[in-house]
Structures are given as C-alpha cells and as structure tokens.
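Enquirer: protein.txt is reproduced below (compact mmCIF, C-alpha atoms).
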```txt
# COMPACT_ATOMS: atom_id res chain seq x y z
CA MET A 19 -5.66 74.19 37.81
CA THR A 20 -4.23 72.28 34.99
CA ARG A 21 -3.54 68.62 35.62
CA ILE A 22 -0.42 67.35 33.94
CA PRO A 23 -0.87 63.75 32.83
CA ALA A 24 1.52 61.33 34.36
CA THR A 25 4.22 60.01 32.12
CA PRO A 26 3.25 56.50 31.16
CA ALA A 27 5.55 53.80 32.37
CA PRO A 28 7.62 52.13 29.67
CA ALA A 29 5.77 49.23 28.16
CA ARG A 30 7.10 45.87 29.19
CA THR A 31 8.06 43.58 26.39
CA ALA A 32 6.30 40.27 26.87
CA ARG A 33 8.52 37.28 26.70
CA PRO A 34 7.47 34.82 24.05
CA VAL A 35 5.90 31.69 25.44
CA GLU A 36 7.88 28.64 24.50
CA LEU A 37 5.57 25.89 23.40
CA ARG A 38 7.12 22.49 23.78
CA ALA A 39 5.86 19.77 21.54
CA ALA A 40 4.70 16.66 23.31
CA PRO A 41 7.30 13.90 23.15
CA PRO A 42 6.49 11.16 20.66
CA HIS A 43 4.72 8.06 21.86
CA ARG A 44 7.47 5.51 22.48
CA VAL A 45 6.91 2.05 21.00
CA VAL A 46 9.36 -0.60 22.18
CA VAL A 47 9.48 -3.83 20.19
CA LEU A 48 10.71 -6.82 22.21
CA ALA A 49 12.60 -9.22 19.94
CA LEU A 50 12.76 -12.74 21.37
CA ASP A 51 14.88 -15.65 20.15
CA GLY A 52 13.31 -17.27 17.10
CA VAL A 53 11.66 -14.01 16.05
CA TYR A 54 10.14 -13.79 12.57
CA PRO A 55 11.87 -10.89 10.74
CA PHE A 56 8.75 -9.94 8.78
CA GLU A 57 6.57 -9.32 11.83
CA LEU A 58 9.50 -7.79 13.74
CA GLY A 59 9.61 -5.03 11.15
CA ILE A 60 5.88 -4.22 11.08
CA PRO A 61 5.87 -1.62 13.91
CA ASN A 62 8.85 0.15 12.32
CA ARG A 63 7.00 0.18 9.00
CA VAL A 64 3.61 1.42 10.22
CA PHE A 65 4.11 3.81 13.14
CA PRO A 66 6.80 6.11 11.63
CA MET A 67 4.36 6.86 8.80
CA VAL A 68 2.73 9.33 11.23
CA PRO A 69 5.48 12.00 11.36
CA GLY A 70 6.49 13.01 14.86
CA ALA A 71 3.84 10.92 16.59
CA TYR A 72 5.79 7.78 17.42
CA GLU A 73 9.32 6.73 18.24
CA VAL A 74 10.00 3.04 17.60
CA VAL A 75 12.95 1.20 19.12
CA THR A 76 13.81 -2.49 19.26
CA CYS A 77 15.18 -4.24 22.31
CA ALA A 78 16.30 -7.70 23.37
CA ALA A 79 15.51 -9.55 26.58
CA ALA A 80 19.18 -10.32 27.19
CA GLN A 81 21.81 -7.72 28.00
CA ASP A 82 24.07 -8.84 25.13
CA ARG A 83 21.30 -7.67 22.73
CA THR A 84 21.83 -10.64 20.41
CA VAL A 85 18.69 -12.27 19.01
CA ALA A 86 18.46 -15.47 16.96
CA THR A 87 15.81 -15.23 14.23
CA ASN A 88 13.90 -18.07 12.59
CA ALA A 89 15.80 -17.24 9.39
CA ASP A 90 19.45 -17.87 8.58
CA PHE A 91 20.80 -14.81 10.39
CA THR A 92 21.18 -13.38 13.87
CA LEU A 93 20.39 -9.83 14.92
CA THR A 94 22.14 -7.47 17.27
CA VAL A 95 19.59 -4.84 18.33
CA ALA A 96 20.32 -1.36 19.63
CA HIS A 97 18.74 -1.68 23.08
CA GLY A 98 18.67 -4.03 26.03
CA PRO A 99 15.65 -4.82 28.23
CA GLU A 100 15.94 -1.51 30.09
CA ALA A 101 14.21 0.14 27.10
CA LEU A 102 10.97 -1.49 28.23
CA GLU A 103 10.94 0.81 31.26
CA THR A 104 10.46 3.82 28.96
CA ALA A 105 7.75 2.33 26.73
CA ASP A 106 4.29 3.75 26.18
CA THR A 107 3.47 0.73 24.02
CA VAL A 108 5.27 -2.63 23.96
CA VAL A 109 4.96 -4.92 20.93
CA VAL A 110 5.89 -8.61 21.18
CA PRO A 111 6.35 -10.07 17.67
CA PRO A 112 6.00 -13.82 17.01
CA PHE A 113 8.73 -16.39 17.37
CA ASP A 114 9.29 -19.90 16.04
CA LEU A 115 7.59 -22.41 18.34
CA ARG A 116 10.78 -24.42 18.46
CA PHE A 117 11.81 -21.80 21.02
CA LEU A 118 8.60 -22.27 23.04
CA SER A 119 8.92 -23.69 26.55
CA ALA A 120 6.39 -24.36 29.28
CA GLU A 121 8.05 -21.75 31.46
CA LEU A 122 9.27 -18.37 30.31
CA PRO A 123 13.06 -18.13 30.23
CA GLU A 124 14.20 -16.02 33.16
CA PRO A 125 15.60 -13.18 30.98
CA VAL A 126 12.22 -12.87 29.25
CA ARG A 127 10.31 -12.92 32.52
CA ALA A 128 12.63 -10.30 33.98
CA ALA A 129 12.33 -8.16 30.86
CA LEU A 130 8.52 -8.20 30.95
CA ALA A 131 8.62 -7.24 34.64
CA ARG A 132 10.24 -3.94 33.59
CA ILE A 133 7.07 -2.79 31.79
CA ARG A 134 5.39 0.03 33.70
CA PRO A 135 1.77 -0.41 34.86
CA GLY A 136 -0.67 1.09 32.35
CA THR A 137 1.60 0.51 29.37
CA ARG A 138 -0.21 -0.70 26.27
CA VAL A 139 1.00 -4.21 25.41
CA VAL A 140 0.51 -5.75 21.96
CA SER A 141 1.27 -9.24 20.65
CA ILE A 142 1.46 -10.50 17.09
CA CYS A 143 0.72 -14.17 16.37
CA THR A 144 2.72 -16.43 18.74
CA GLY A 145 3.66 -13.39 20.82
CA ALA A 146 0.38 -14.15 22.62
CA PHE A 147 2.04 -17.30 24.02
CA THR A 148 4.61 -15.08 25.74
CA LEU A 149 1.98 -12.78 27.21
CA ALA A 150 -0.11 -15.74 28.36
CA ALA A 151 2.89 -17.48 29.94
CA ALA A 152 3.59 -14.27 31.86
CA GLY A 153 0.01 -14.30 33.19
CA LEU A 154 -0.91 -11.07 31.42
CA LEU A 155 -3.86 -12.64 29.57
CA ASP A 156 -5.46 -14.51 32.47
CA GLY A 157 -9.24 -14.10 32.32
CA ARG A 158 -9.02 -11.80 29.32
CA PRO A 159 -10.02 -12.17 25.65
CA ALA A 160 -7.20 -12.80 23.19
CA THR A 161 -6.35 -14.32 19.84
CA THR A 162 -3.43 -15.94 18.06
CA HIS A 163 -2.84 -17.76 14.77
CA TRP A 164 -5.81 -20.00 13.97
CA ALA A 165 -3.57 -23.04 13.39
CA LEU A 166 -2.29 -22.80 16.98
CA ALA A 167 -5.65 -22.37 18.69
CA ASP A 168 -5.85 -25.92 20.06
CA LEU A 169 -2.30 -25.78 21.43
CA PHE A 170 -2.94 -22.38 23.00
CA ARG A 171 -6.14 -23.58 24.69
CA ARG A 172 -4.36 -26.63 26.12
CA MET A 173 -1.53 -24.53 27.50
CA PHE A 174 -3.58 -21.56 28.69
CA PRO A 175 -7.19 -22.60 29.45
CA GLN A 176 -7.56 -19.51 31.63
CA VAL A 177 -7.46 -17.22 28.57
CA ALA A 178 -10.69 -16.47 26.65
CA LEU A 179 -9.30 -17.32 23.21
CA ASP A 180 -11.16 -16.23 20.06
CA PRO A 181 -9.35 -17.74 17.05
CA ASP A 182 -11.79 -16.31 14.48
CA VAL A 183 -10.78 -12.64 14.65
CA LEU A 184 -7.83 -10.73 13.21
CA PHE A 185 -7.14 -8.96 16.48
CA VAL A 186 -8.62 -8.35 19.92
CA ASP A 187 -8.52 -4.92 21.57
CA ASP A 188 -9.01 -5.29 25.31
CA GLY A 189 -7.93 -1.82 26.30
CA ASP A 190 -4.32 -1.94 27.46
CA LEU A 191 -3.83 -5.43 25.97
CA LEU A 192 -4.13 -6.15 22.26
CA THR A 193 -3.46 -9.50 20.60
CA SER A 194 -3.45 -10.25 16.88
CA ALA A 195 -3.52 -13.29 14.66
CA GLY A 196 -0.79 -14.52 12.34
CA ALA A 197 1.69 -12.61 10.17
CA ALA A 198 -0.06 -9.78 8.27
CA SER A 199 -2.59 -9.27 11.07
CA GLY A 200 0.26 -7.43 12.76
CA VAL A 201 -0.35 -4.72 10.17
CA ASP A 202 -4.06 -4.75 11.03
CA VAL A 203 -3.49 -4.25 14.75
CA CYS A 204 -0.87 -1.52 14.24
CA LEU A 205 -3.22 0.35 11.90
CA HIS A 206 -5.96 -0.08 14.50
CA ILE A 207 -3.69 1.54 17.09
CA VAL A 208 -2.97 4.46 14.76
CA ARG A 209 -6.71 4.78 14.16
CA ALA A 210 -7.42 4.80 17.89
CA ASP A 211 -4.65 7.30 18.61
CA HIS A 212 -5.08 9.69 15.67
CA GLY A 213 -8.32 8.92 13.82
CA SER A 214 -9.31 7.08 10.69
CA ALA A 215 -8.14 9.69 8.19
CA ILE A 216 -4.52 9.34 9.30
CA ALA A 217 -4.78 5.54 9.60
CA ASN A 218 -6.18 5.39 6.06
CA ARG A 219 -3.29 7.52 4.80
CA VAL A 220 -0.79 5.17 6.47
CA ALA A 221 -2.56 2.17 4.93
CA ARG A 222 -2.31 3.70 1.47
CA HIS A 223 1.41 4.30 1.90
CA CYS A 224 1.84 0.69 3.01
CA VAL A 225 -0.33 -0.51 0.09
CA VAL A 226 -2.67 -2.45 2.39
CA PRO A 227 -6.41 -2.13 3.09
CA PRO A 228 -7.14 0.16 6.05
CA TRP A 229 -9.58 -2.41 7.44
CA ARG A 230 -10.12 -6.09 6.68
CA ASP A 231 -13.44 -7.74 7.40
CA GLY A 232 -14.20 -11.40 7.91
CA GLY A 233 -11.68 -12.44 10.53
CA GLN A 234 -9.34 -15.43 10.37
CA ALA A 235 -12.02 -17.89 9.30
CA GLN A 236 -11.53 -16.93 5.66
CA TYR A 237 -7.88 -18.09 5.85
CA ILE A 238 -8.39 -21.46 7.53
CA GLU A 239 -7.43 -24.34 5.26
CA GLN A 240 -10.51 -25.82 3.63
CA PRO A 241 -11.07 -28.20 0.70
CA MET A 242 -11.42 -26.43 -2.62
CA PRO A 243 -14.94 -26.36 -4.10
CA ASP A 244 -15.61 -29.30 -6.39
CA GLU A 245 -17.47 -27.18 -8.99
CA ASP A 246 -15.85 -25.15 -11.75
CA GLY A 247 -14.30 -21.73 -11.22
CA THR A 248 -17.58 -19.95 -10.50
CA SER A 249 -17.05 -17.31 -7.80
CA THR A 250 -19.23 -15.05 -5.69
CA ALA A 251 -16.79 -12.15 -6.12
CA ASP A 252 -18.85 -10.34 -8.77
CA THR A 253 -21.98 -10.62 -6.67
CA ARG A 254 -20.15 -9.27 -3.64
CA SER A 255 -19.02 -6.26 -5.69
CA TRP A 256 -22.59 -5.75 -6.89
CA ALA A 257 -23.91 -5.98 -3.34
CA LEU A 258 -21.49 -3.28 -2.16
CA LEU A 259 -22.97 -0.93 -4.76
CA ASN A 260 -26.49 -1.73 -3.55
CA LEU A 261 -26.13 -1.80 0.24
CA GLU A 262 -29.08 0.55 0.69
CA ARG A 263 -31.39 -2.18 -0.65
CA ALA A 264 -32.86 -4.94 1.51
CA LEU A 265 -30.84 -7.62 -0.29
CA THR A 266 -32.05 -11.18 0.19
CA LEU A 267 -30.24 -14.48 -0.23
CA GLY A 268 -32.46 -15.17 -3.23
CA GLU A 269 -31.43 -11.93 -4.97
CA LEU A 270 -27.76 -12.60 -4.32
CA ALA A 271 -28.03 -16.19 -5.59
CA ASP A 272 -29.93 -15.06 -8.70
CA HIS A 273 -27.27 -12.46 -9.47
CA ALA A 274 -24.58 -15.16 -9.19
CA ARG A 275 -26.72 -17.56 -11.28
CA MET A 276 -26.59 -20.20 -8.55
CA SER A 277 -29.10 -21.97 -6.40
CA ARG A 278 -29.45 -20.52 -2.92
CA ARG A 279 -27.84 -23.58 -1.36
CA THR A 280 -24.85 -23.56 -3.73
CA PHE A 281 -24.41 -19.80 -3.36
CA ALA A 282 -24.49 -19.91 0.44
CA ARG A 283 -21.95 -22.75 0.53
CA ARG A 284 -19.63 -21.13 -2.00
CA PHE A 285 -19.89 -17.77 -0.23
CA GLN A 286 -18.88 -19.39 3.07
CA GLU A 287 -15.93 -21.11 1.42
CA GLU A 288 -14.67 -17.89 -0.15
CA THR A 289 -15.22 -15.42 2.70
CA GLY A 290 -15.35 -17.51 5.85
CA THR A 291 -18.76 -16.15 6.77
CA SER A 292 -22.42 -16.30 5.69
CA PRO A 293 -23.97 -13.86 3.18
CA GLY A 294 -26.17 -12.32 5.87
CA ARG A 295 -23.31 -11.77 8.29
CA TRP A 296 -21.10 -10.40 5.52
CA LEU A 297 -23.78 -7.87 4.54
CA ILE A 298 -24.02 -6.67 8.14
CA GLN A 299 -20.24 -6.26 8.29
CA GLN A 300 -20.21 -4.23 5.09
CA ARG A 301 -23.11 -2.06 6.23
CA VAL A 302 -21.42 -1.35 9.55
CA HIS A 303 -18.17 -0.55 7.74
CA ARG A 304 -19.94 1.87 5.40
CA ALA A 305 -21.82 3.45 8.31
CA ARG A 306 -18.51 4.06 10.08
CA GLN A 307 -17.20 5.85 7.00
CA LEU A 308 -20.26 8.10 6.91
CA LEU A 309 -20.02 8.83 10.64
CA GLU A 310 -16.42 9.91 10.12
CA THR A 311 -16.91 11.98 6.98
CA SER A 312 -20.42 13.47 7.15
CA ASP A 313 -22.85 15.28 9.42
CA LEU A 314 -25.74 13.02 8.44
CA PRO A 315 -28.01 11.96 11.33
CA VAL A 316 -28.02 8.32 12.29
CA ASP A 317 -31.44 7.57 10.78
CA ARG A 318 -30.25 8.88 7.40
CA ILE A 319 -27.00 6.90 7.60
CA ALA A 320 -29.00 3.78 8.47
CA ALA A 321 -31.08 4.23 5.32
CA GLU A 322 -27.98 4.87 3.21
CA VAL A 323 -26.36 1.59 4.25
CA GLY A 324 -29.43 -0.65 4.29
CA PHE A 325 -30.42 -0.86 7.96
CA ALA A 326 -34.16 -0.52 8.47
CA THR A 327 -33.91 2.00 11.32
CA GLY A 328 -31.42 4.05 13.27
CA THR A 329 -32.04 1.72 16.20
CA SER A 330 -30.92 -1.23 14.08
CA LEU A 331 -27.73 0.62 13.13
CA ARG A 332 -27.03 1.44 16.77
CA GLN A 333 -27.46 -2.19 17.77
CA HIS A 334 -25.21 -3.53 15.01
CA LEU A 335 -22.52 -0.91 15.56
CA HIS A 336 -22.47 -1.61 19.29
CA ALA A 337 -22.29 -5.36 18.64
CA ALA A 338 -19.39 -4.87 16.22
CA ILE A 339 -17.20 -2.37 18.10
CA GLY A 340 -18.89 -1.75 21.42
CA VAL A 341 -19.75 1.94 21.01
CA SER A 342 -22.71 4.08 19.98
CA PRO A 343 -22.74 6.17 16.78
CA ARG A 344 -22.42 9.32 18.90
CA ASP A 345 -19.31 8.03 20.68
CA TYR A 346 -17.81 6.74 17.47
CA ARG A 347 -18.28 10.09 15.74
CA ARG A 348 -16.86 11.94 18.75
CA THR A 349 -13.75 9.76 18.70
CA PHE A 350 -13.00 9.60 15.00
CA ARG A 351 -14.26 12.92 13.70
CA ALA A 352 -12.72 15.83 15.57
CA GLY A 353 -15.05 18.80 15.86
CA ALA A 354 -18.15 16.91 14.81
CA PRO A 355 -21.38 18.44 16.15
CA GLN A 356 -22.80 16.51 19.09
CA GLU A 357 -26.46 16.55 18.09
CA SER A 358 -29.18 14.85 20.06
CA ARG A 359 -30.29 13.02 16.93
CA VAL A 360 -26.98 11.11 16.91
```
Here is the file; what I need is its structure written in the form of structure tokens.
Expert:
Amino acid sequence: MTRIPATPAPARTARPVELRAAPPHRVVVLALDGVYPFELGIPNRVFPMVPGAYEVVTCAAAQDRTVATNADFTLTVAHGPEALETADTVVVPPFDLRFLSAELPEPVRAALARIRPGTRVVSICTGAFTLAAAGLLDGRPATTHWALADLFRRMFPQVALDPDVLFVDDGDLLTSAGAASGVDVCLHIVRADHGSAIANRVARHCVVPPWRDGGQAQYIEQPMPDEDGTSTADTRSWALLNLERALTLGELADHARMSRRTFARRFQEETGTSPGRWLIQQRVHRARQLLETSDLPVDRIAAEVGFATGTSLRQHLHAAIGVSPRDYRRTFRAGAPQESRV
C-alpha cells in the first residue's frame, strides 16, 4: 500500500520584530535667577556629543520661564518646572551669590520637590548651595568652589565638604567645583554611562582634557614664587615618560637642577600637590588607561606604571576611585575577559 505524503501546510510568513530603540536619557537643567551663562550651557555642549544617548532641556523654577542671569541679559527658557518630573538627571548650574538667601525661595523648593526619587542630581559650583539648602546633601560628601568653602561650611555644617577636589560622585548625587569643573563632572557622567572611549571622544571634540588630576588645590590663589622663571614642567614631562622607574625626589630634583627642598616647594606651588602624590596620581591614571585598552594582567600593568606589585596597584586604585582593577575593567572595557589574575 502506497502512502501518499500529506500536502504540507502553507508556510507562515513571520512578522518582523520591531525593535524599539531605548529613549534617550533625559537631562533637565534647572536655571535659577542669577545663573552664569557659561556653566548653564555646559550640559548642552557635552551630552549631545553622544548621538542619540541624551536629550537635554532647560527649565525654570517659575511658571513664567523667565530667568535673570548674572550677565546683562535675561533668558526665557522653553520649559517650566514640570520638566523636572521627567528627568533622569537634573543639573543645577551656579548662580551669583547676590541671589543667595538663607531659605530657598518657594518656587525653587517646589521645583526641586518635583524630582522623582532615584533621579541623578548634579550641581556645578554654587549649585551645591541650592542642593544643601534643600537638605539633599545632609550627611553626604560634596564640593563647591574653593573660594566659597568657608561660607558653605558655616551655612551647612551637616555636609561633608571637600574643597580640594574637582567633583564628588556620591552615587545619585554629584557636586562639582567652580566653572570649568562642570565640564569635568559632565565628562565623568558620560564615562560612567558609556565608557572612557566615548568620553575621550567627547573631550576631544570639546578641546578639553578627558581627565584632570590634582584637584582644586592647584587653582587656589597663592603668592608667586620669588625665584626666577624656573619651572618643574619639563621634569613632570620627563617623569611621565619614565613612570615605570622607581623615581625618587632626588632624581626629580636633579633633573630640574634644583635642591630637593626648592623642587618640592616649587612643585607644590605649580601643581597643588607633592611630587610623591602626583606620581601616584599619574601612575593610577596610566594604569586605568591600560585596564581599558589592554588584556595585560594586573601584575604586568603594575610594573608598566611603576608600582612595585599588583597588590600596590590594587590598593592605590581602590584609594583613588573605590574599585578593584577587575571591576574597573568590567565597567569600562566591554567584553574584557574576566580572568582570575585580574
């Protein structure tokens, strides 16, 4: 008996799956009266350099959307305070302290109350005064412009102020120092969100360094050295080319043709930190680059940058940024092998 094969059923045409791109991360910049136009524009200059990743809008605390700047013009922004309800990140730029009061103006307090729990909140310079006045910084580390540190401490003793750093990242709250440090903290956010390669590309487009070492101390007003124009700059450049060596203060001073005492003092005046601390910062910075761009084990990276052992590198990296080499590589180098030696 011959079996007649069944006629196959017509093949069903699969419907194409529609892949929807994730909506861009929404950054809302809160412009307060007395705002500095330069810092107000930083988020709009940095974040859009990552195509499709961020949407940046500017809002006012008052419904009329009119904002007085510290310059000779007034702004009318596109959004009112309701935009804060849609924010993934809120940035509070600085304002002229002539507009500072002991209590937050009611429109500002009401505007800040619109921010959803879990939203990342960022201040630039005197914007930290606004966050502190709203109670958002109580018991938390923060920074502001070095020249305002004493005033800030008097007004907000409950905040753990560190005036020596360019910015403080405390998870969902980030505060930065004066003016251009707003660029530093925005680049840091891009780096945290999308990795160092993209942050470095944004920095190049903005013609700024992707990372600045040394903190605010190097910018604090100090008397000029009383010697001639001798500088430690050439020796610093030489040291960067020789980080793998166990450089001593004596070697650095000899290269600069100075006594150790004069070199150490001049170095502090020019960089805001000691030679030893500066070398550690540069070694950590170089180690981070190698963790991002190579598969080298930690012990090899330690030798490349001048740390005696991998354990020493781990300790210094953790002290600088609070993570291990393994975690740093996992975060900033997608697809990196997770080897036990890291």
Enquirer: Taking 2 positions as the minimum chain separation for residues in the same chain, which residues sit within 12 Å of stretch 154-159 of chain A when counting only C-alpha atoms? Answer as a ChimeraX atom specification.
Expert: /A:127,130-131,133,135,138-141,145-152,161-162,170-171,173-181,183,185-194
Enquirer: Report the distance between atom CA of A:Val220 and atom CA of A:Val68 in Å, rounded to one decimal place.
Expert: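 So the answer is 7.2 Å.
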Enquirer: What lies within 10 Å of A:Thr76 using all atoms listed in the file, ignoring chain neighbours under 2 positions off, as number ranges by chain?
Expert: A: 45-49, 58-59, 61-62, 74, 78, 83, 94-99, 101-102, 108-109
Enquirer: For atom CA of A:Ile216 and atom CA of A:Cys204, quote the distance in Å rounded to one decimal.
Expert: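 Spanning atom CA of A:Ile216 to atom CA of A:Cys204 is a straight-line distance of 12.5 Å.
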Enquirer: Would you please work out which residue, of A:Arg116, A:Arg306, A:His212, A:Arg283, is nearest to A:Asn88 when using all atoms listed in the file?
Expert: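 Among the listed residues, A:Arg116 lies closest to A:Asn88.
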Enquirer: Out of A:Asp252, A:Asp202, A:Asp345, A:Asp317, which residue has the shortest atom-to-atom distance to A:Trp229 when counting all atoms listed in the file?
Expert: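 Closest residue, counting all atoms listed in the file: A:Asp202.
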Enquirer: Leaving out A:Arg279 and any residue of its chain fewer than 5 positions from it, which residues lie within 12 Å of it when counting all atoms listed in the file, given as a list in words?
Expert: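 The residues satisfying every condition are Leu267, Gly268, Leu270, Ala271, Asp272, Ala274, Arg284, Phe285, Gln286, Ser292 and Pro293 of chain A.
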Enquirer: Identify which of the residues A:His334, A:Asp51, A:Thr104, A:Leu258 lies closest to A:Ala79, counting only C-alpha atoms when measuring atom-to-atom distances.
Expert: A:Asp51
Enquirer: Provide the atom CA of A:Ala215 to atom CA of A:Phe350 distance in Å, to one decimal place.
Expert: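 Between atom CA of A:Ala215 and atom CA of A:Phe350 the gap is 8.4 Å.
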Enquirer: Leaving out A:Leu309 and any residue of its chain fewer than 4 positions from it, which residues lie within 8 Å of it when counting all atoms listed in the file, given as a PyMOL selection string?
Expert: chain A and resi 305+313-314+319+343+346-347+351
Enquirer: Considering all atoms listed in the file, state which residue in the set A:Val226, A:Phe65, A:Ala128, A:Ala120 is at the smallest distance from A:Gln81.
Expert: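 Closest to A:Gln81 of all the choices is A:Ala128.
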Enquirer: Of the candidates A:Pro112, A:His223, A:Asp106, A:Ala129, which one gets nearest to A:Met67 if we count only C-alpha atoms?
Expert: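 So, comparing all the options, the nearest one is A:His223.
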Enquirer: Would you kindly return, as number ranges by chain, each protein, DNA or RNA residue with an atom no farther than 9 Å from any atom of A:Leu261, considering only C-alpha atoms and excluding same-chain residues fewer than 3 positions away?
Expert: A: 256-258, 264-265, 297, 300-301, 304, 322-325
